[in-house]
$ cat data-v9.cif   # mmCIF, C-alpha atoms and all ligand atoms
data_target
#
loop_
_atom_site.label_atom_id
_atom_site.label_comp_id
_atom_site.auth_asym_id
_atom_site.auth_seq_id
_atom_site.Cartn_x
_atom_site.Cartn_y
_atom_site.Cartn_z
CA MET P 19 32.48 18.26 -5.44
CA THR P 20 35.45 17.30 -7.59
CA LEU P 21 35.09 16.55 -11.26
CA THR P 22 37.83 15.21 -13.46
CA ILE P 23 38.04 15.30 -17.26
CA GLU P 24 40.32 12.61 -18.68
CA HIS P 25 41.67 11.37 -22.01
CA ALA P 26 41.09 14.65 -23.93
CA THR P 27 42.99 14.88 -27.21
CA GLN P 28 43.56 18.62 -26.79
CA VAL P 29 43.21 21.09 -23.91
CA LEU P 30 43.57 24.75 -24.84
CA ARG P 31 45.74 26.72 -22.43
CA PRO P 32 47.61 30.05 -22.52
CA PRO P 33 51.42 30.03 -22.89
CA THR P 34 51.73 31.35 -19.31
CA ASP P 35 49.30 31.94 -16.48
CA GLY P 36 48.11 35.35 -15.38
CA LEU P 37 47.93 37.09 -18.74
CA PRO P 38 45.14 39.69 -18.88
CA TYR P 39 45.04 39.27 -22.67
CA LEU P 40 47.34 37.95 -25.38
CA ARG P 41 48.19 40.09 -28.40
CA HIS P 42 47.39 38.36 -31.64
CA ASP P 43 50.93 38.15 -32.96
CA ARG P 44 51.40 35.64 -30.10
CA ALA P 45 48.20 33.64 -30.67
CA ASN P 46 50.05 30.65 -32.03
CA GLU P 47 51.75 30.22 -28.63
CA LEU P 48 48.46 28.86 -27.25
CA VAL P 49 49.02 25.28 -26.10
CA LEU P 50 46.84 22.33 -27.16
CA ASP P 51 48.16 19.43 -25.08
CA PRO P 52 46.43 16.19 -24.04
CA VAL P 53 46.24 16.82 -20.28
CA ALA P 54 43.58 15.98 -17.70
CA VAL P 55 41.61 18.74 -15.97
CA THR P 56 40.28 18.50 -12.42
CA LEU P 57 37.71 20.91 -11.01
CA GLY P 58 37.13 21.55 -7.33
CA GLY P 59 33.75 23.18 -6.84
CA ASP P 60 33.50 26.20 -9.10
CA ARG P 61 37.27 26.47 -9.70
CA ILE P 62 39.86 24.77 -11.86
CA ALA P 63 41.95 22.79 -9.37
CA ALA P 64 44.66 20.99 -11.35
CA PHE P 65 45.81 19.74 -14.74
CA GLU P 66 46.08 16.13 -13.65
CA PRO P 67 43.46 13.46 -13.04
CA ASP P 68 41.95 12.93 -9.60
CA ALA P 69 41.39 9.23 -8.98
CA GLY P 70 38.93 10.00 -6.20
CA ALA P 71 36.81 12.53 -8.12
CA ALA P 72 33.05 12.28 -7.58
CA VAL P 73 32.34 12.81 -11.28
CA ARG P 74 34.52 11.62 -14.18
CA ILE P 75 34.16 12.73 -17.76
CA ASP P 76 35.68 10.68 -20.56
CA ALA P 77 36.84 13.24 -23.12
CA SER P 78 38.49 10.80 -25.51
CA GLY P 79 38.62 12.29 -29.00
CA CYS P 80 37.57 15.67 -27.63
CA ALA P 81 39.09 19.12 -27.44
CA VAL P 82 38.56 20.96 -24.15
CA LEU P 83 38.30 24.74 -24.34
CA PRO P 84 37.60 27.50 -21.86
CA GLY P 85 33.93 28.50 -21.96
CA LEU P 86 33.44 30.87 -24.90
CA VAL P 87 32.87 34.57 -24.16
CA ASP P 88 30.53 36.65 -26.34
CA CYS P 89 31.44 40.24 -25.46
CA HIS P 90 29.14 41.94 -28.00
CA THR P 91 25.45 41.06 -28.24
CA HIS P 92 22.33 43.21 -28.43
CA LEU P 93 20.25 41.06 -26.08
CA PRO P 94 17.60 41.71 -24.89
CA PHE P 95 15.44 42.55 -27.92
CA ALA P 96 11.90 41.75 -29.01
CA GLY P 97 10.95 39.90 -32.20
CA TRP P 98 12.97 39.60 -35.38
CA ARG P 99 13.17 41.36 -38.78
CA ALA P 100 13.30 38.38 -41.11
CA GLU P 101 11.18 39.95 -43.88
CA GLU P 102 13.52 42.92 -43.88
CA TYR P 103 16.47 40.58 -44.47
CA GLU P 104 14.78 39.15 -47.55
CA GLN P 105 14.12 42.69 -48.81
CA LYS P 106 17.75 43.62 -48.26
CA VAL P 107 19.21 40.64 -50.10
CA THR P 108 16.80 41.07 -53.02
CA GLY P 109 17.90 44.67 -53.48
CA VAL P 110 15.31 46.88 -51.76
CA PRO P 111 17.23 50.06 -50.77
CA TYR P 112 17.65 50.62 -47.02
CA GLU P 113 16.03 54.07 -47.26
CA GLU P 114 12.86 52.41 -48.58
CA ILE P 115 12.91 49.85 -45.76
CA ALA P 116 13.41 52.62 -43.22
CA ARG P 117 10.62 54.76 -44.75
CA ALA P 118 8.27 51.79 -44.37
CA GLY P 119 9.08 51.74 -40.63
CA GLY P 120 11.83 49.11 -40.69
CA GLY P 121 15.30 49.13 -39.18
CA ILE P 122 16.09 49.97 -35.56
CA ALA P 123 12.75 51.82 -35.29
CA ALA P 124 10.93 48.54 -35.94
CA SER P 125 12.86 46.85 -33.13
CA ALA P 126 12.15 49.79 -30.82
CA ARG P 127 8.40 49.47 -31.54
CA ALA P 128 8.50 45.72 -30.89
CA PHE P 129 10.41 46.30 -27.64
CA ALA P 130 7.85 48.87 -26.51
CA GLN P 131 4.92 46.58 -27.32
CA ALA P 132 6.34 43.45 -25.69
CA THR P 133 5.82 42.71 -22.00
CA ASP P 134 8.82 42.11 -19.76
CA ASP P 135 8.01 38.40 -19.76
CA GLU P 136 7.91 38.31 -23.56
CA VAL P 137 11.27 40.09 -23.89
CA LEU P 138 12.89 37.89 -21.25
CA GLY P 139 11.36 34.73 -22.71
CA GLN P 140 12.89 35.38 -26.12
CA ALA P 141 16.23 36.43 -24.61
CA ARG P 142 16.38 33.31 -22.40
CA THR P 143 15.70 31.10 -25.41
CA LEU P 144 18.63 32.76 -27.18
CA ALA P 145 20.86 32.49 -24.11
CA ALA P 146 20.11 28.75 -24.06
CA GLU P 147 21.06 28.50 -27.75
CA MET P 148 24.30 30.32 -26.96
CA LEU P 149 25.06 27.95 -24.09
CA ALA P 150 24.46 24.98 -26.41
CA THR P 151 27.13 26.35 -28.75
CA GLY P 152 29.61 26.90 -25.93
CA THR P 153 29.01 30.46 -24.73
CA THR P 154 29.28 30.56 -20.93
CA THR P 155 29.70 34.34 -20.55
CA PHE P 156 27.89 37.04 -22.49
CA GLU P 157 27.35 40.76 -22.57
CA ALA P 158 23.99 42.45 -23.14
CA LYS P 159 23.33 45.95 -24.43
CA THR P 160 20.49 48.45 -24.31
CA GLY P 161 19.73 50.40 -27.48
CA TYR P 162 16.26 49.39 -28.67
CA GLY P 163 14.53 51.65 -26.15
CA LEU P 164 15.02 54.97 -27.95
CA SER P 165 13.52 56.85 -25.00
CA VAL P 166 14.78 57.53 -21.49
CA ASP P 167 12.28 55.22 -19.80
CA ALA P 168 12.67 52.42 -22.33
CA GLU P 169 16.47 52.51 -22.14
CA ALA P 170 16.28 52.28 -18.34
CA ARG P 171 13.91 49.33 -18.81
CA ALA P 172 16.42 47.66 -21.12
CA VAL P 173 19.12 47.96 -18.43
CA ARG P 174 16.79 46.34 -15.89
CA LEU P 175 15.85 43.52 -18.29
CA GLY P 176 19.52 42.89 -19.11
CA ARG P 177 20.15 42.42 -15.38
CA GLU P 178 17.09 40.16 -14.99
CA LEU P 179 18.32 38.09 -17.91
CA GLY P 180 21.49 37.40 -15.94
CA ALA P 181 23.88 38.80 -18.53
CA ASP P 182 27.44 38.83 -17.15
CA ARG P 183 27.83 42.43 -18.24
CA VAL P 184 25.25 45.05 -19.21
CA THR P 185 26.37 47.86 -21.50
CA GLY P 186 24.43 51.10 -21.91
CA LEU P 187 24.20 51.67 -25.66
CA PHE P 188 22.10 54.74 -25.03
CA ALA P 189 23.55 56.40 -28.14
CA HIS P 190 22.41 53.76 -30.66
CA ALA P 191 20.10 55.78 -32.91
CA VAL P 192 18.77 59.31 -32.56
CA PRO P 193 15.16 59.02 -31.34
CA GLU P 194 12.53 60.83 -33.40
CA ALA P 195 11.80 64.32 -32.04
CA TYR P 196 15.42 64.81 -30.95
CA ASP P 197 18.60 65.84 -32.67
CA ALA P 198 21.81 64.01 -31.79
CA ASP P 199 23.22 66.88 -29.68
CA THR P 200 20.09 67.15 -27.57
CA TRP P 201 19.81 63.39 -27.16
CA MET P 202 23.37 63.29 -25.78
CA ASP P 203 22.09 65.26 -22.74
CA TYR P 204 19.71 62.36 -22.06
CA VAL P 205 22.51 59.87 -22.66
CA ASP P 206 24.48 61.72 -19.99
CA ALA P 207 21.56 61.52 -17.57
CA LEU P 208 20.99 57.81 -18.29
CA ALA P 209 24.68 57.08 -17.73
CA ALA P 210 24.50 58.83 -14.36
CA SER P 211 21.32 57.12 -13.20
CA CYS P 212 21.51 53.56 -14.62
CA ASP P 213 23.54 50.65 -13.26
CA VAL P 214 25.66 49.74 -16.31
CA ASP P 215 29.08 48.13 -16.64
CA ALA P 216 30.15 50.06 -19.77
CA LEU P 217 28.94 52.73 -22.18
CA ASP P 218 28.71 52.31 -25.94
CA ILE P 219 27.85 54.46 -28.98
CA TYR P 220 27.13 53.91 -32.65
CA VAL P 221 29.20 56.29 -34.77
CA GLU P 222 27.91 56.45 -38.35
CA SER P 223 26.46 59.00 -40.75
CA VAL P 224 22.92 57.97 -39.75
CA ALA P 225 23.65 58.04 -36.02
CA PHE P 226 26.31 59.83 -33.96
CA THR P 227 29.55 61.64 -34.79
CA ASN P 228 33.14 61.54 -33.57
CA GLU P 229 32.37 64.60 -31.43
CA HIS P 230 29.64 62.63 -29.68
CA LEU P 231 32.09 59.76 -29.24
CA ALA P 232 34.57 62.09 -27.50
CA HIS P 233 31.72 63.44 -25.37
CA LEU P 234 30.69 59.89 -24.35
CA GLY P 235 34.32 59.21 -23.48
CA ALA P 236 34.18 62.08 -20.97
CA ILE P 237 30.92 60.71 -19.55
CA ALA P 238 32.41 57.22 -19.23
CA ALA P 239 35.48 58.62 -17.45
CA ARG P 240 33.23 60.49 -15.04
CA GLU P 241 31.18 57.35 -14.36
CA ARG P 242 34.36 55.23 -14.12
CA VAL P 243 33.11 52.65 -16.63
CA PRO P 244 34.81 51.47 -19.83
CA LEU P 245 34.01 53.16 -23.14
CA ARG P 246 33.14 50.96 -26.11
CA ALA P 247 32.19 52.11 -29.59
CA HIS P 248 30.59 50.79 -32.78
CA VAL P 249 32.82 52.36 -35.44
CA GLU P 250 33.85 52.08 -39.09
CA GLN P 251 31.04 49.66 -40.03
CA PHE P 252 29.84 51.21 -43.30
CA ASN P 253 32.24 54.14 -43.75
CA ALA P 254 35.73 55.16 -42.71
CA ASN P 255 34.85 57.97 -40.30
CA ARG P 256 38.31 57.94 -38.68
CA SER P 257 36.68 57.26 -35.32
CA VAL P 258 39.47 55.01 -34.06
CA PRO P 259 41.93 57.81 -33.15
CA VAL P 260 39.10 59.57 -31.31
CA ALA P 261 38.22 56.39 -29.41
CA LEU P 262 41.88 55.77 -28.52
CA ALA P 263 42.28 59.34 -27.27
CA ALA P 264 39.21 58.80 -25.11
CA GLY P 265 40.76 55.63 -23.61
CA ALA P 266 38.25 53.19 -25.12
CA ARG P 267 38.34 49.57 -23.96
CA SER P 268 37.23 48.37 -27.40
CA VAL P 269 36.37 49.53 -30.90
CA ASP P 270 33.85 47.23 -32.54
CA HIS P 271 33.10 46.44 -36.25
CA LEU P 272 36.07 48.03 -38.13
CA ALA P 273 35.03 46.69 -41.57
CA CYS P 274 36.05 50.06 -43.02
CA LEU P 275 39.05 50.71 -40.76
CA HIS P 276 41.40 53.21 -42.37
CA PRO P 277 44.83 51.65 -43.11
CA ASP P 278 46.59 54.45 -41.19
CA ASP P 279 44.67 53.48 -38.04
CA ILE P 280 45.83 49.85 -37.95
CA ALA P 281 49.22 50.49 -36.30
CA PRO P 282 47.95 52.88 -33.59
CA LEU P 283 45.12 50.51 -32.72
CA ALA P 284 47.46 47.51 -32.67
CA GLY P 285 49.79 49.35 -30.31
CA ALA P 286 47.08 50.46 -27.92
CA GLU P 287 45.53 48.72 -24.94
CA CYS P 288 42.20 48.71 -26.76
CA ALA P 289 40.59 45.64 -28.28
CA ALA P 290 39.63 45.34 -31.95
CA VAL P 291 36.26 43.57 -31.71
CA LEU P 292 35.49 42.01 -35.08
CA LEU P 293 31.99 40.91 -36.05
CA PRO P 294 32.22 38.66 -39.12
CA GLY P 295 28.58 37.58 -38.82
CA ALA P 296 27.44 41.15 -39.43
CA GLU P 297 30.01 41.54 -42.20
CA PHE P 298 28.84 38.38 -43.97
CA LEU P 299 25.07 38.78 -43.62
CA GLY P 300 25.24 42.50 -44.35
CA ALA P 301 27.54 42.05 -47.35
CA GLU P 302 29.82 44.57 -45.67
CA ARG P 303 33.48 44.96 -46.34
CA VAL P 304 35.80 42.54 -44.54
CA ALA P 305 37.73 44.02 -41.63
CA PRO P 306 41.56 44.04 -42.02
CA ALA P 307 41.77 41.31 -39.39
CA ARG P 308 44.87 39.60 -40.79
CA GLU P 309 46.75 42.91 -40.67
CA LEU P 310 45.50 43.68 -37.15
CA ALA P 311 46.60 40.25 -35.92
CA ASP P 312 50.02 40.50 -37.54
CA ALA P 313 50.48 43.97 -36.04
CA GLY P 314 49.84 42.61 -32.54
CA ALA P 315 46.38 44.02 -31.82
CA ILE P 316 44.22 42.59 -29.05
CA CYS P 317 41.77 40.96 -31.45
CA VAL P 318 38.35 39.74 -30.37
CA LEU P 319 35.44 37.97 -32.09
CA ALA P 320 31.79 38.29 -31.13
CA THR P 321 28.39 37.49 -32.62
CA ASP P 322 26.85 41.01 -32.56
CA LEU P 323 23.61 39.04 -32.01
CA ASN P 324 20.80 41.42 -32.98
CA PRO P 325 17.57 41.31 -35.02
CA GLY P 326 18.87 43.57 -37.81
CA THR P 327 22.38 42.98 -39.07
CA SER P 328 23.45 39.77 -37.29
CA PRO P 329 20.79 37.31 -36.10
CA VAL P 330 23.64 34.93 -35.20
CA SER P 331 24.00 33.41 -31.74
CA SER P 332 26.72 30.81 -32.39
CA LEU P 333 30.37 31.58 -31.74
CA PRO P 334 31.41 28.39 -33.62
CA VAL P 335 29.77 29.91 -36.72
CA VAL P 336 31.60 33.18 -36.09
CA ILE P 337 34.87 31.27 -35.70
CA GLY P 338 34.22 29.53 -39.03
CA LEU P 339 33.63 32.86 -40.76
CA ALA P 340 36.71 34.43 -39.19
CA VAL P 341 39.05 31.63 -40.17
CA ARG P 342 37.85 31.63 -43.78
CA ARG P 343 37.38 35.34 -44.36
CA TYR P 344 40.18 36.74 -42.20
CA GLY P 345 42.77 34.09 -43.00
CA TRP P 346 43.17 33.32 -39.32
CA SER P 347 44.47 30.15 -37.71
CA VAL P 348 42.16 28.24 -35.39
CA ARG P 349 44.24 29.37 -32.40
CA GLU P 350 43.84 33.00 -33.46
CA ALA P 351 40.07 32.57 -33.68
CA LEU P 352 39.85 30.77 -30.33
CA LEU P 353 41.98 33.38 -28.53
CA ALA P 354 39.61 36.03 -29.87
CA CYS P 355 36.52 34.59 -28.20
CA THR P 356 38.06 33.40 -24.97
CA LEU P 357 40.79 35.31 -23.05
CA ASN P 358 40.73 38.50 -25.11
CA ALA P 359 36.92 38.68 -25.09
CA ALA P 360 36.94 38.23 -21.31
CA TRP P 361 39.40 41.14 -21.06
CA VAL P 362 36.97 43.40 -22.94
CA LEU P 363 34.41 42.64 -20.24
CA GLY P 364 36.91 43.15 -17.40
CA LEU P 365 36.63 39.45 -16.50
CA SER P 366 39.92 37.95 -17.68
CA ASP P 367 41.28 37.53 -14.14
CA GLU P 368 38.50 34.97 -13.57
CA ARG P 369 37.47 33.64 -16.98
CA GLY P 370 38.57 33.19 -20.58
CA SER P 371 41.40 30.68 -20.09
CA LEU P 372 42.02 27.37 -18.37
CA GLU P 373 44.27 28.13 -15.39
CA VAL P 374 44.33 26.82 -11.85
CA GLY P 375 42.14 29.05 -9.69
CA LYS P 376 40.02 30.43 -12.51
CA ARG P 377 36.28 29.83 -12.73
CA ALA P 378 35.40 26.35 -13.95
CA ASP P 379 33.82 27.24 -17.31
CA LEU P 380 34.71 24.60 -19.93
CA VAL P 381 33.47 23.35 -23.26
CA LEU P 382 34.04 19.91 -24.76
CA LEU P 383 34.07 19.62 -28.54
CA ASP P 384 33.44 16.20 -30.06
CA THR P 385 36.39 16.77 -32.42
CA THR P 386 39.80 18.38 -32.43
CA VAL P 387 39.80 22.16 -32.84
CA ALA P 388 40.72 21.99 -36.54
CA HIS P 389 37.22 20.67 -37.27
CA LEU P 390 35.56 23.69 -35.68
CA PRO P 391 35.91 26.10 -38.63
CA TYR P 392 36.23 23.32 -41.21
CA ARG P 393 32.86 21.66 -40.70
CA PHE P 394 31.25 25.07 -41.01
CA GLY P 395 27.81 25.53 -39.48
CA ARG P 396 27.89 22.31 -37.48
CA ASN P 397 27.78 22.57 -33.69
CA PRO P 398 30.66 20.46 -32.29
CA VAL P 399 29.89 21.32 -28.63
CA ASN P 400 28.81 18.19 -26.79
CA LEU P 401 29.20 19.23 -23.18
CA VAL P 402 29.32 22.56 -21.33
CA ILE P 403 30.42 23.15 -17.74
CA ARG P 404 29.62 26.55 -16.27
CA ASP P 405 30.69 27.64 -12.80
CA GLY P 406 31.70 24.08 -11.98
CA GLU P 407 28.31 22.59 -12.92
CA VAL P 408 27.52 20.48 -15.96
CA ALA P 409 25.17 22.95 -17.65
CA ARG P 410 24.46 21.16 -20.90
CA VAL P 411 25.07 17.68 -22.30
CA ARG P 412 24.18 16.62 -25.82
CA PRO P 413 22.31 13.29 -25.58
CA ASP P 414 24.95 11.44 -27.59
CA ALA P 415 27.60 12.54 -25.05
CA ALA P 416 25.74 11.38 -21.93
CA TRP P 417 27.82 8.17 -21.83
CA ARG P 418 30.94 10.25 -21.18
CA ILE P 419 29.83 11.17 -17.64
CA SER P 420 30.13 8.72 -14.79
CA ALA P 421 29.39 9.55 -11.18
ZN ZN P 501 26.55 45.82 -32.27
#

$ encode --input "data-v9.cif" --output "structure tokens" --more "lines below"
Ligand SMILES: [Zn+2]
Amino acid sequence: MTLTIEHATQVLRPPTDGLPYLRHDRANELVLDPVAVTLGGDRIAAFEPDAGAAVRIDASGCAVLPGLVDCHTHLPFAGWRAEEYEQKVTGVPYEEIARAGGGIAASARAFAQATDDEVLGQARTLAAEMLATGTTTFEAKTGYGLSVDAEARAVRLGRELGADRVTGLFAHAVPEAYDADTWMDYVDALAASCDVDALDIYVESVAFTNEHLAHLGAIAARERVPLRAHVEQFNANRSVPVALAAGARSVDHLACLHPDDIAPLAGAECAAVLLPGAEFLGAERVAPARELADAGAICVLATDLNPGTSPVSSLPVVIGLAVRRYGWSVREALLACTLNAAWVLGLSDERGSLEVGKRADLVLLDTTVAHLPYRFGRNPVNLVIRDGEVARVRPDAAWRISA
């Protein structure tokens, strides 16, 4: 089936085809021209209209983007921690919340108590919310199992959910009855036995250390999967040089990135995954995103969707936060959750930008891209095409489609 999208005000495309990623000092080279887009089956076929197309979409007044890519979520999880959020913002110390059984331990209990159907039901509801806000590709992580069996279950549920990538965050928190060193032996065994696309670790005073990060790097190299790492969220632990030495694909969070680590990170083939939803809702520091972009880092935005620090599923909201709080242009924000995010997941040869031959994942906004961060909190996505199929249409956009 051919489908043609006509009369768009803007169509976001890379400056040249075939780029695996685009460093952020070049983000403003992204093109926003009023061209037509024609799809043939599940591929982008041409940037011109096809008069004989079976389906025509009138995109007048719209911006057309590649499907958004959320490369850092904590799906699947069970339940939420809304009461804990109220405690946090009203000043209850985290230690008190944790002593009362809150935090990651609460999510691990909920995960253990929920049936597979309950976990998948909640995760599918969230995946549908993400699709409605333009996310056509997402990553899932384990990490709320906190035991060998439950982490293996989380991998299986991530696959059943249909996540495009499943990351083993086996080193998320140290399970009770273990110390971090001992638990790393189980992390090693899980990495060897589970079918995961990447390995991840949370480096922080309450979790794992830089030595454990280096150890996980060796495990990831052995398993031939990318290493990712949650680093520098609450403290400057100087984890970035360790991650770079271990060949990490991405370092995620970076709110407390040490100034001396900006240049080495920007020069490396390692993405800086920034999570402004977690920064905002957690009243964390703001990552030095302007500096990273100016220095030419491979910058990426993601939701960090999780029940603790970032119960945010919308990349348009994340884009709005990034533009305001990082001082980024709209092009910089869009690059960070399209091509560069696809590169983190090893998918940028197929997804993340509008190029002939790439997978037909597209999003129509009902405005130009400048409105996206400006009308903060509003969802401008009125139509989503995934894998060549119209996957979601807002009722007020139904008139745009004619077959
Ligand atoms: Zn995370």

$ residues_near_ligand --input "data-v9.cif" --ligand "ligand ZN 501 (chain P)" --cutoff "9 Å" --atoms "only C-alpha atoms and all ligand atoms" --output "PyMOL selection string"
chain P and resi 90-92+159+220+247-248+270-271+293+296+321-324+327-328

$ closest_residue --input "data-v9.cif" --among "P:Leu401, P:Ala313, P:Leu40, P:Leu179" --to "Leu383 (chain P)" --atoms "all atoms listed in the file"
P:Leu401

$ closest_residue --input "data-v9.cif" --among "P:Ala311, P:Leu187, P:Met19, P:Val330" --to "Gly295 (chain P)" --atoms "only C-alpha atoms"
P:Val330

$ closest_residue --input "data-v9.cif" --among "P:Val291, P:Ala45, P:Glu113, P:Gln28" --to "Asp312 (chain P)" --atoms "all atoms listed in the file"
P:Ala45

$ residues_around --input "data-v9.cif" --residues "Ser420 (chain P)" --least-positions-apart "5" --cutoff "10 Å" --atoms "all atoms listed in the file" --output "count of residues only"
6

$ residues_around --input "data-v9.cif" --residues "Ala307 (chain P)" --least-positions-apart "4" --cutoff "9 Å" --atoms "all atoms listed in the file" --output "list in words"
Leu272, Ala273, Ala290, Leu292, Ala311, Asp312, Cys317, Ala340, Arg343, Tyr344, Gly345 and Trp346 of chain P

$ atom_distance --input "data-v9.cif" --atom1 "CA of Arg127 (chain P)" --atom2 "CA of Arg177 (chain P)"
21.2 Å

$ closest_residue --input "data-v9.cif" --among "P:Ala172, P:Asp384, P:Val166, P:Glu350" --to "Ala81 (chain P)" --atoms "all atoms listed in the file"
P:Asp384

$ closest_residue --input "data-v9.cif" --among "P:Val205, P:His276, P:Ile237, P:Ala123" --to "Val249 (chain P)" --atoms "all atoms listed in the file"
P:His276

$ closest_residue --input "data-v9.cif" --among "P:Leu299, P:Ala289, P:Ile23, P:Ala378" --to "Arg267 (chain P)" --atoms "all atoms listed in the file"
P:Ala289

$ residues_around --input "data-v9.cif" --residues "Thr27 (chain P)" --least-positions-apart "4" --cutoff "8 Å" --atoms "all atoms listed in the file" --output "list of chain:residue names"
P:Asp51, P:Pro52, P:Val53, P:Ala77, P:Ser78, P:Gly79, P:Cys80, P:Ala81, P:Thr386

$ residues_around --input "data-v9.cif" --residues "Phe156 (chain P)" --least-positions-apart "3" --cutoff "10 Å" --atoms "only C-alpha atoms" --output "number ranges by chain"
P: 86-91, 93, 145, 148-149, 153, 180-184, 320, 359-360, 363

$ atom_distance --input "data-v9.cif" --atom1 "CA of Val243 (chain P)" --atom2 "CA of Leu372 (chain P)"
26.9 Å

$ atom_distance --input "data-v9.cif" --atom1 "CA of Arg117 (chain P)" --atom2 "CA of Tyr103 (chain P)"
15.3 Å

$ residues_around --input "data-v9.cif" --residues "Asp197 (chain P)" --least-positions-apart "4" --cutoff "12 Å" --atoms "all atoms listed in the file" --output "ChimeraX atom specification"
/P:189,191-193,201-204,224-227,230

$ write_last_selection --input "data-v9.cif" --atoms "C-alpha atoms" --output "short mmCIF file (atom, residue, chain, number, x, y, z; two decimals), in the coordinates of the input"
data_model
loop_
_atom_site.label_atom_id
_atom_site.label_comp_id
_atom_site.auth_asym_id
_atom_site.auth_seq_id
_atom_site.Cartn_x
_atom_site.Cartn_y
_atom_site.Cartn_z
CA ALA P 189 23.55 56.40 -28.14
CA ALA P 191 20.10 55.78 -32.91
CA VAL P 192 18.77 59.31 -32.56
CA PRO P 193 15.16 59.02 -31.34
CA TRP P 201 19.81 63.39 -27.16
CA MET P 202 23.37 63.29 -25.78
CA ASP P 203 22.09 65.26 -22.74
CA TYR P 204 19.71 62.36 -22.06
CA VAL P 224 22.92 57.97 -39.75
CA ALA P 225 23.65 58.04 -36.02
CA PHE P 226 26.31 59.83 -33.96
CA THR P 227 29.55 61.64 -34.79
CA HIS P 230 29.64 62.63 -29.68
#

$ residues_near_point --input "data-v9.cif" --point "(27.6, 59.1, -22.1)" --cutoff "10 Å" --atoms "all atoms listed in the file" --output "VMD selection string"
chain P and resid 186 to 189 202 to 210 216 to 219 230 to 241 245

$ build_atoms --input "data-v9.cif" --residues "region 330-341 of chain P" --atoms "N, CA and C atoms" --output "PDB file, in the coordinates of the input"
ATOM      1  N   VAL P 330      22.749  36.091 -35.370  1.00  0.00           N
ATOM      2  CA  VAL P 330      23.640  34.930 -35.200  1.00  0.00           C
ATOM      3  C   VAL P 330      23.978  34.780 -33.724  1.00  0.00           C
ATOM      4  N   SER P 331      23.720  33.613 -33.158  1.00  0.00           N
ATOM      5  CA  SER P 331      24.000  33.410 -31.740  1.00  0.00           C
ATOM      6  C   SER P 331      25.189  32.488 -31.492  1.00  0.00           C
ATOM      7  N   SER P 332      25.724  31.876 -32.543  1.00  0.00           N
ATOM      8  CA  SER P 332      26.720  30.810 -32.390  1.00  0.00           C
ATOM      9  C   SER P 332      28.138  31.321 -32.588  1.00  0.00           C
ATOM     10  N   LEU P 333      28.969  31.228 -31.549  1.00  0.00           N
ATOM     11  CA  LEU P 333      30.370  31.580 -31.740  1.00  0.00           C
ATOM     12  C   LEU P 333      31.110  30.578 -32.629  1.00  0.00           C
ATOM     13  N   PRO P 334      30.774  29.271 -32.622  1.00  0.00           N
ATOM     14  CA  PRO P 334      31.410  28.390 -33.620  1.00  0.00           C
ATOM     15  C   PRO P 334      31.180  28.845 -35.060  1.00  0.00           C
ATOM     16  N   VAL P 335      30.001  29.370 -35.367  1.00  0.00           N
ATOM     17  CA  VAL P 335      29.770  29.910 -36.720  1.00  0.00           C
ATOM     18  C   VAL P 335      30.660  31.118 -36.965  1.00  0.00           C
ATOM     19  N   VAL P 336      30.760  31.984 -35.969  1.00  0.00           N
ATOM     20  CA  VAL P 336      31.600  33.180 -36.090  1.00  0.00           C
ATOM     21  C   VAL P 336      33.070  32.787 -36.275  1.00  0.00           C
ATOM     22  N   ILE P 337      33.496  31.767 -35.553  1.00  0.00           N
ATOM     23  CA  ILE P 337      34.870  31.270 -35.700  1.00  0.00           C
ATOM     24  C   ILE P 337      35.095  30.768 -37.129  1.00  0.00           C
ATOM     25  N   GLY P 338      34.107  30.035 -37.658  1.00  0.00           N
ATOM     26  CA  GLY P 338      34.220  29.530 -39.030  1.00  0.00           C
ATOM     27  C   GLY P 338      34.334  30.658 -40.044  1.00  0.00           C
ATOM     28  N   LEU P 339      33.550  31.702 -39.853  1.00  0.00           N
ATOM     29  CA  LEU P 339      33.630  32.860 -40.760  1.00  0.00           C
ATOM     30  C   LEU P 339      34.983  33.545 -40.631  1.00  0.00           C
ATOM     31  N   ALA P 340      35.455  33.701 -39.409  1.00  0.00           N
ATOM     32  CA  ALA P 340      36.710  34.430 -39.190  1.00  0.00           C
ATOM     33  C   ALA P 340      37.890  33.691 -39.810  1.00  0.00           C
ATOM     34  N   VAL P 341      37.923  32.382 -39.628  1.00  0.00           N
ATOM     35  CA  VAL P 341      39.050  31.630 -40.170  1.00  0.00           C
ATOM     36  C   VAL P 341      39.067  31.738 -41.694  1.00  0.00           C
TER      37      VAL P 341
END
